[in-house]
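Enquirer: Supplied in structure tokens, the structure appears directly below.
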Amino acid sequence: MSGSGSQKRKTTARIAVNCTPEQKAKIVARAGEVGLSPSAICLAMMLDAPLPHHRNPAINDQALMHAVAAHAKLADAIRELIAALGKPGSNLNQVAYMLNANTAPTRIINITESAIADHVEFIAECRRTLETVYELRTMTMEAWGLKH
């Protein structure tokens, strides 16, 4: 039974229960579903007592490693987004300079259209990165054994 150190010291008496492999599998599965030990489940049922508090779930090491790798990729993607954020601003600065210098309207229109296209692509990349954030959240929750 999972519990504090003093609780473990109090539970020194043992009762063995014989069961079939199928019964044992059901008990272990039920215990895993609620995050408790098989002993805690059996005691609660036999004594008609409420289930003890939920213990910490097991960590899936492989899933956690995938989540850590995804965090690194996400950090790189965000770094690239921050760098890309300067490009539309630079294009707008060029347009302002050209307007002040009385540049031909067709040249200004071309640069403006290019800036808009860059901005649309930047927004699409931000959305893709945000989807990665949601996937990463799910991966991390699964690695920690949490339901999402």
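Letters for chains follow the order of the structure tokens (A, B, ...), residue numbers begin at 1 for each chain, and ligand numbers begin at 1 in the order shown.
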Tell me, as JSON, numbers by chain, which residues lie within 12 Å of Glu121 (chain A), counting only C-alpha atoms; anything in the same chain fewer than 6 positions away does not count.

Expert: {"A": [81, 84, 85, 87, 88, 114, 115, 127, 128]}

Enquirer: As a PyMOL selection string, list the residues of chain A assigned to alpha helix (DSSP H) by DSSP on the backbone atoms of this structure.

Expert: chain A and resi 5-10+21-34+38-46+61-100+105-143

Enquirer: Would you compute the distance between CA of Gly145 (chain A) and CA of Ser37 (chain A)? Give it in Å to one decimal.

Expert: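 Straight-line distance from CA of Gly145 (chain A) to CA of Ser37 (chain A) works out to 15.4 Å.
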
Enquirer: Identify, on the basis of only C-alpha atoms, every residue whose closest approach to Val133 (chain A) does not exceed 8 Å; exclude the query and any residue fewer than 4 positions from it along the same chain; express the result as a ChimeraX atom specification.

Expert: /A:74,129,137

Enquirer: Can you tell me how far CA of Ala16 (chain A) sits from CA of Cys42 (chain A), in Å to one decimal?

Expert: 11.1 Å

Enquirer: Restricting the calculation to only C-alpha atoms, which member of A:Thr132, A:Lys26, A:Val17, A:Leu146 is positioned closest to Lys73 (chain A)?

Expert: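 Once distances to Lys73 (chain A) are computed over only C-alpha atoms, the minimum belongs to A:Thr132.
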
Enquirer: As an exercise, work out the distance from CA of Ala67 (chain A) to CA of Leu136 (chain A) in Å and give it to one decimal place.

Expert: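 Pair CA of Ala67 (chain A) / CA of Leu136 (chain A) returns 6.3 Å.
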
Enquirer: Pick out the closest residue to Phe122 (chain A) from this set: A:Thr103, A:Val68, A:Glu80, A:Tyr134. Count only C-alpha atoms.

Expert: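 Ranked by minimum distance to Phe122 (chain A), first place goes to A:Glu80.
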
Enquirer: Mind checking which residues fall within 12 Å of Val95 (chain A), counting only C-alpha atoms, ignoring those fewer than 3 positions away in the same chain, and posting them as a list in words?

Expert: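 Neighbouring residues, sequence-local ones excluded: Pro88, Gly89, Ser90, Asn91, Leu92, Met98, Leu99, Asn100, Ala101, Asn102, Thr103, Ala104, Pro105, Thr106, Arg107, Ile108, Ile109, Asn110, Ile111, Thr112, Glu113, Ser114, Ala115 and Ile116 of chain A.
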
Enquirer: So that I can see what lies close to Met65 (chain A), please list as number ranges by chain the residues with an atom at most 12 Å from it, counting only C-alpha atoms and leaving out residues fewer than 3 positions away in the same chain.

Expert: A: 59-62, 68-72, 136, 139-140, 142-144

Enquirer: Using the selection just defined, write its residues with C-alpha atoms as an mmCIF file, in the first residue's frame.

Expert:
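As written to disk, again.cif reads:
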data_model
loop_
_atom_site.group_PDB
_atom_site.id
_atom_site.type_symbol
_atom_site.label_atom_id
_atom_site.label_comp_id
_atom_site.auth_asym_id
_atom_site.auth_seq_id
_atom_site.Cartn_x
_atom_site.Cartn_y
_atom_site.Cartn_z
ATOM 1 C CA ILE A 59 6.848 8.173 -15.941
ATOM 2 C CA ASN A 60 7.221 6.739 -19.433
ATOM 3 C CA ASP A 61 10.943 7.333 -20.055
ATOM 4 C CA GLN A 62 10.776 6.836 -23.820
ATOM 5 C CA VAL A 68 12.332 16.604 -24.514
ATOM 6 C CA ALA A 69 13.473 16.303 -28.145
ATOM 7 C CA ALA A 70 10.262 18.005 -29.271
ATOM 8 C CA HIS A 71 10.937 20.825 -26.783
ATOM 9 C CA ALA A 72 14.334 21.382 -28.398
ATOM 10 C CA LEU A 136 4.144 18.803 -27.264
ATOM 11 C CA MET A 139 3.360 14.213 -25.505
ATOM 12 C CA THR A 140 4.447 15.599 -22.143
ATOM 13 C CA GLU A 142 1.480 11.092 -21.849
ATOM 14 C CA ALA A 143 5.102 10.868 -20.700
ATOM 15 C CA TRP A 144 4.056 11.821 -17.176
#

Enquirer: Which residue is closest to Ser39 (chain A)? Choose from A:Arg14, A:Leu130, A:Leu64, A:Met141 and count only C-alpha atoms.

Expert: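 Among the listed residues, the smallest separation from Ser39 (chain A) belongs to A:Arg14.
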
Enquirer: Hey, which of A:Ala77, A:Ala96, A:Leu51, A:Ile15 ends up closest to Glu125 (chain A)? Count only C-alpha atoms.

Expert: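 The shortest atom-to-atom distance to Glu125 (chain A) comes from A:Ala77.
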